[in-house]
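> Input: one structure, supplied below.
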Amino acid sequence: MKDEGVQPDITTYKYLLDACAQQMLNVEARAVFDDMLAMGIQPDRQTFHSLLKSSAPVEQSELHRVLKLMDEWSIQPNEITYEIIITRLARVQRLELALQYLAQLGRAGLSPTLTTASAIITTAADLGFPRLALDLALAFEETSVRRLDGEVWVDVLISCAEALYADGTMTVWQKVVNEMHILPDEGCCIQVLHTAARHGLSDLALGVIEVLKKIEVVWSEHHIAPVIEALCQRNELKEAMIMLDFMRKNDIAPTIETASPILQAISKDTDAVDNAWGILEIIHEEGHTVDAVALNVVIQAAIALNDLQRAVGTYKASSKFGVKLNVDTFNLLLLGCIEARHRQLGDRLLSDMKEAGIKPDATTYERMVRLCLTQSMYEDAFFYLEEMKSLSMVPPLIVYEALVRKLFSVGDVRYKLALEELKECGYDVPKRLKSYIDSGGAHDGPSHKPKVEPVVL
């Protein structure tokens, strides 16, 4: 152009600088800028914006150089200048520095653009600062006629939920779902459910379940379990127990693990267990179905308190509810028999189980073996062990450990055969068991006495 005698003007240099900015050619952009000054063309604000865009976001020295040049040319940064700076800093997650420029923008009497606000809010959310992200979002919408995009609010919601920030999660869920009518995806919903469960936000949890239905996600146990936990946090035990039947009616099989929050709430003392039984009666009187898991968790709570009599009483009185007992019911009661060393009751329960047409599982046999080992006459333990193996069930390590301890403690040399069988099943001899044998039964090695806690089936 110059060779042809055509003088470039401000527009020419603008296009050249824009091209350099798009390719982030900072050295070339500076050369174009110097040539522009040499031609006596005065730069404008757009010129410096192109220089800012041409530099890499991590090059802070170039950023300061361009801002200094703007000051020398008496050109003050405007909203777009700060947008370029802050969005580029946000892109490389330089949140603290971006916040400093956001503060400068405010002191200059300027307001952030929608792009600026979105970038810094999203960065704060992504970096795990949900309170900051929410405060920035609320402050922007209070002072601007523009509204943040739904994607930004969803990012804030996810950040709040991941941090289990209850107030933030509730606020943003209301904004996203009820005001903006956005349906979050399943992953976001599950995070919100975790927060609701932790803080007892049962209404929020139920709202999430409805959203999952709207987005056509098939409900599963891991969707409903947090709802039950949230209800228990609020001491809404009746509703929590009803939710178990709700699961069953929606083709979701609740387990004893699903009801673990209920167990935690009712296993504090016997009064709590009696209160839980009263709740079952109320549920039945109101015409609702009492689920087997709801009954089992009451039995489990009694067992956890070493109150076998109350557990058996609950079992015997269950017929009034029309509950269909399952294998978990009997396995829990057998656990109580082990703690009480009550072999006769265990045999009776096993007989009841067979009469009810309930097939024993591996846990049933494991507990019958351990129950037999609590007696002075323990030969039946081998019968149940062999029956277990004949059904192609691999006896768990706890069976062999209990068997070896019993045999060794009474001087029965068959403990060596049990040890060999333990190894044949692919188990390693536990250090505590080895220490017990090596010490002649004097100690188990350095360990704490195990607490008597409800065993999860």
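Residues in the structure tokens are named by chain (A, B, ... in the order shown) and by number from 1 within that chain; ligands are numbered from 1 in the order shown.
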Give me the residues within 12 Å of region 115-117 of chain A as an MDAnalysis selection string, counting only C-alpha atoms and dropping any in the same chain fewer than 6 places off.

chainID A and resid 79:91 98:99 101:102 105 123:124 133:141 143:144 146:149 152:153

> Write a file of the selected residues as a PDB file, in the first residue's frame, keeping C-alpha atoms.


```pdb
ATOM      1  CA  GLU A  79     -17.016  -0.988  30.357  1.00  0.00           C
ATOM      2  CA  ILE A  80     -15.718  -2.821  27.295  1.00  0.00           C
ATOM      3  CA  THR A  81     -12.107  -2.316  28.394  1.00  0.00           C
ATOM      4  CA  TYR A  82     -12.841  -3.954  31.706  1.00  0.00           C
ATOM      5  CA  GLU A  83     -14.858  -6.653  29.962  1.00  0.00           C
ATOM      6  CA  ILE A  84     -11.832  -7.605  27.873  1.00  0.00           C
ATOM      7  CA  ILE A  85      -9.554  -7.648  30.921  1.00  0.00           C
ATOM      8  CA  ILE A  86     -11.869  -9.495  33.273  1.00  0.00           C
ATOM      9  CA  THR A  87     -13.114 -12.114  30.805  1.00  0.00           C
ATOM     10  CA  ARG A  88      -9.552 -12.970  29.810  1.00  0.00           C
ATOM     11  CA  LEU A  89      -8.515 -13.291  33.452  1.00  0.00           C
ATOM     12  CA  ALA A  90     -11.564 -15.424  34.147  1.00  0.00           C
ATOM     13  CA  ARG A  91     -10.617 -17.698  31.261  1.00  0.00           C
ATOM     14  CA  ALA A  98     -10.363 -10.322  38.082  1.00  0.00           C
ATOM     15  CA  LEU A  99     -12.130  -9.230  41.278  1.00  0.00           C
ATOM     16  CA  TYR A 101     -10.432  -5.068  38.253  1.00  0.00           C
ATOM     17  CA  LEU A 102     -14.140  -5.479  38.984  1.00  0.00           C
ATOM     18  CA  LEU A 105     -14.665  -0.700  37.488  1.00  0.00           C
ATOM     19  CA  THR A 123     -15.374 -18.670  37.352  1.00  0.00           C
ATOM     20  CA  ALA A 124     -16.191 -18.215  41.039  1.00  0.00           C
ATOM     21  CA  ALA A 133     -20.719 -16.475  42.995  1.00  0.00           C
ATOM     22  CA  LEU A 134     -24.204 -16.042  44.449  1.00  0.00           C
ATOM     23  CA  ASP A 135     -23.408 -12.639  45.964  1.00  0.00           C
ATOM     24  CA  LEU A 136     -21.999 -11.433  42.641  1.00  0.00           C
ATOM     25  CA  ALA A 137     -25.029 -12.721  40.740  1.00  0.00           C
ATOM     26  CA  LEU A 138     -27.544 -11.125  43.087  1.00  0.00           C
ATOM     27  CA  ALA A 139     -25.608  -7.835  43.153  1.00  0.00           C
ATOM     28  CA  PHE A 140     -25.500  -7.680  39.360  1.00  0.00           C
ATOM     29  CA  GLU A 141     -29.216  -8.273  38.896  1.00  0.00           C
ATOM     30  CA  THR A 143     -28.109  -2.976  39.834  1.00  0.00           C
ATOM     31  CA  SER A 144     -28.677  -3.860  36.186  1.00  0.00           C
ATOM     32  CA  ARG A 146     -30.002  -7.032  32.208  1.00  0.00           C
ATOM     33  CA  ARG A 147     -30.544 -10.544  33.513  1.00  0.00           C
ATOM     34  CA  LEU A 148     -28.009 -13.338  33.709  1.00  0.00           C
ATOM     35  CA  ASP A 149     -28.465 -16.298  31.391  1.00  0.00           C
ATOM     36  CA  VAL A 152     -24.892 -18.964  34.663  1.00  0.00           C
ATOM     37  CA  TRP A 153     -27.510 -19.550  37.341  1.00  0.00           C
TER      38      TRP A 153
END
```

> Can you pull out every residue within 10 Å of region 126-131 of chain A, counting only C-alpha atoms, but drop anything in the same chain fewer than 3 positions away, and send it as an MDAnalysis selection string?

chainID A and resid 93 95 120:123 134:137 155:165 167:169

> Export, as an mmCIF file, in the first residue's frame, the selected residues with C-alpha atoms.


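Saved to out00.cif:
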```cif
data_model
loop_
_atom_site.group_PDB
_atom_site.id
_atom_site.type_symbol
_atom_site.label_atom_id
_atom_site.label_comp_id
_atom_site.auth_asym_id
_atom_site.auth_seq_id
_atom_site.Cartn_x
_atom_site.Cartn_y
_atom_site.Cartn_z
ATOM 1 C CA GLN A 93 -9.102 -18.654 36.451
ATOM 2 C CA LEU A 95 -10.240 -14.919 40.020
ATOM 3 C CA ILE A 120 -16.551 -13.770 36.780
ATOM 4 C CA ILE A 121 -19.622 -15.440 38.346
ATOM 5 C CA THR A 122 -19.058 -18.641 36.404
ATOM 6 C CA THR A 123 -15.374 -18.670 37.352
ATOM 7 C CA LEU A 134 -24.204 -16.042 44.449
ATOM 8 C CA ASP A 135 -23.408 -12.639 45.964
ATOM 9 C CA LEU A 136 -21.999 -11.433 42.641
ATOM 10 C CA ALA A 137 -25.029 -12.721 40.740
ATOM 11 C CA ASP A 155 -23.505 -23.102 37.304
ATOM 12 C CA VAL A 156 -24.110 -21.272 40.579
ATOM 13 C CA LEU A 157 -26.688 -23.887 41.607
ATOM 14 C CA ILE A 158 -24.248 -26.731 40.972
ATOM 15 C CA SER A 159 -21.535 -24.933 42.928
ATOM 16 C CA CYS A 160 -23.846 -24.337 45.899
ATOM 17 C CA ALA A 161 -25.044 -27.938 45.885
ATOM 18 C CA GLU A 162 -21.558 -29.416 45.592
ATOM 19 C CA ALA A 163 -20.481 -27.348 48.599
ATOM 20 C CA LEU A 164 -23.634 -28.429 50.519
ATOM 21 C CA TYR A 165 -24.431 -24.714 50.918
ATOM 22 C CA ASP A 167 -29.221 -21.345 51.843
ATOM 23 C CA GLY A 168 -27.564 -20.812 48.483
ATOM 24 C CA THR A 169 -28.964 -24.019 47.046
#
```

> For Met24 (chain A), work out the shell of residues within 10 Å, counting only C-alpha atoms and skipping chain neighbours fewer than 4 positions away, then give it as a ChimeraX atom specification.

/A:17-20,28-29,50-57

> What are the closest atom pairs, with distances in Å to one decimal, for each residue of region 309-349 of chain A lying within 8 Å of region 288-304 of chain A, using only C-alpha atoms, rows by chain and rising residue number, as a Markdown table?


```
| residue | atom | partner | partner_atom | distance |
| --- | --- | --- | --- | --- |
| A:Arg310 | CA | A:Ala302 | CA | 6.2 |
| A:Ala311 | CA | A:Ile299 | CA | 4.8 |
| A:Val312 | CA | A:Ile299 | CA | 7.7 |
| A:Thr314 | CA | A:Ile299 | CA | 6.5 |
| A:Tyr315 | CA | A:Ile299 | CA | 7.2 |
| A:Ser318 | CA | A:Leu295 | CA | 7.5 |
| A:Phe321 | CA | A:Val290 | CA | 6.6 |
| A:Gly322 | CA | A:Val290 | CA | 7.9 |
| A:Val323 | CA | A:Ala292 | CA | 5.8 |
| A:Lys324 | CA | A:Ala292 | CA | 6.2 |
| A:Leu325 | CA | A:Ala292 | CA | 6.0 |
| A:Asn326 | CA | A:Ala292 | CA | 7.2 |
| A:Asp328 | CA | A:Asn296 | CA | 7.2 |
| A:Thr329 | CA | A:Asn296 | CA | 5.5 |
| A:Leu332 | CA | A:Gln300 | CA | 6.2 |
| A:Leu333 | CA | A:Ile303 | CA | 7.4 |
| A:Leu335 | CA | A:Ile303 | CA | 7.6 |
| A:Gly336 | CA | A:Ile303 | CA | 5.4 |
```

> Just C-alpha atoms for this one: save the residues we selected as a short mmCIF file (atom, residue, chain, number, x, y, z; two decimals), in the first residue's frame.


```cif
data_model
loop_
_atom_site.label_atom_id
_atom_site.label_comp_id
_atom_site.auth_asym_id
_atom_site.auth_seq_id
_atom_site.Cartn_x
_atom_site.Cartn_y
_atom_site.Cartn_z
CA ARG A 310 -38.51 -55.87 72.19
CA ALA A 311 -37.28 -56.99 68.77
CA VAL A 312 -39.07 -60.35 69.04
CA THR A 314 -42.16 -56.38 67.26
CA TYR A 315 -41.74 -59.42 65.01
CA SER A 318 -46.22 -57.58 62.85
CA PHE A 321 -50.13 -54.86 59.87
CA GLY A 322 -50.31 -57.55 57.22
CA VAL A 323 -46.61 -57.09 56.50
CA LYS A 324 -44.98 -59.67 54.27
CA LEU A 325 -41.79 -60.53 56.15
CA ASN A 326 -38.58 -61.09 54.21
CA ASP A 328 -33.82 -59.44 56.24
CA THR A 329 -36.36 -59.66 59.08
CA LEU A 332 -31.76 -59.16 61.94
CA LEU A 333 -33.40 -61.28 64.63
CA LEU A 335 -28.11 -61.17 64.90
CA GLY A 336 -29.87 -60.42 68.17
#
```

> Please provide as a PyMOL selection string all residues within 9 Å of Thr363 (chain A), with the sequence filter that same-chain residues fewer than 5 positions apart are discarded (counting only C-alpha atoms).

chain A and resi 328+331+368+396+457

> As JSON, numbers by chain, please: the residues near Pro261 (chain A) (cut-off 7 Å, only C-alpha atoms, same-chain neighbours under 2 positions excluded).

{"A": [229, 232, 259, 263, 264, 265]}

> With a distance cut-off of 12 Å and only C-alpha atoms, select the neighbouring residues of Asp185 (chain A), excluding the residue or stretch itself and same-chain residues fewer than 3 positions from it, and output the selection as a list in words.

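With the cut-off at 12 Å, the set is Glu151, Val154, Asp155, Leu157, Ile158, Val176, Val177, Ile182, Cys188, Cys189, Ile190, Gln191, Val192, Val208, Ile209, Val211, Leu212, Lys213, Lys214, Ile215, Glu216 and Val217 of chain A.
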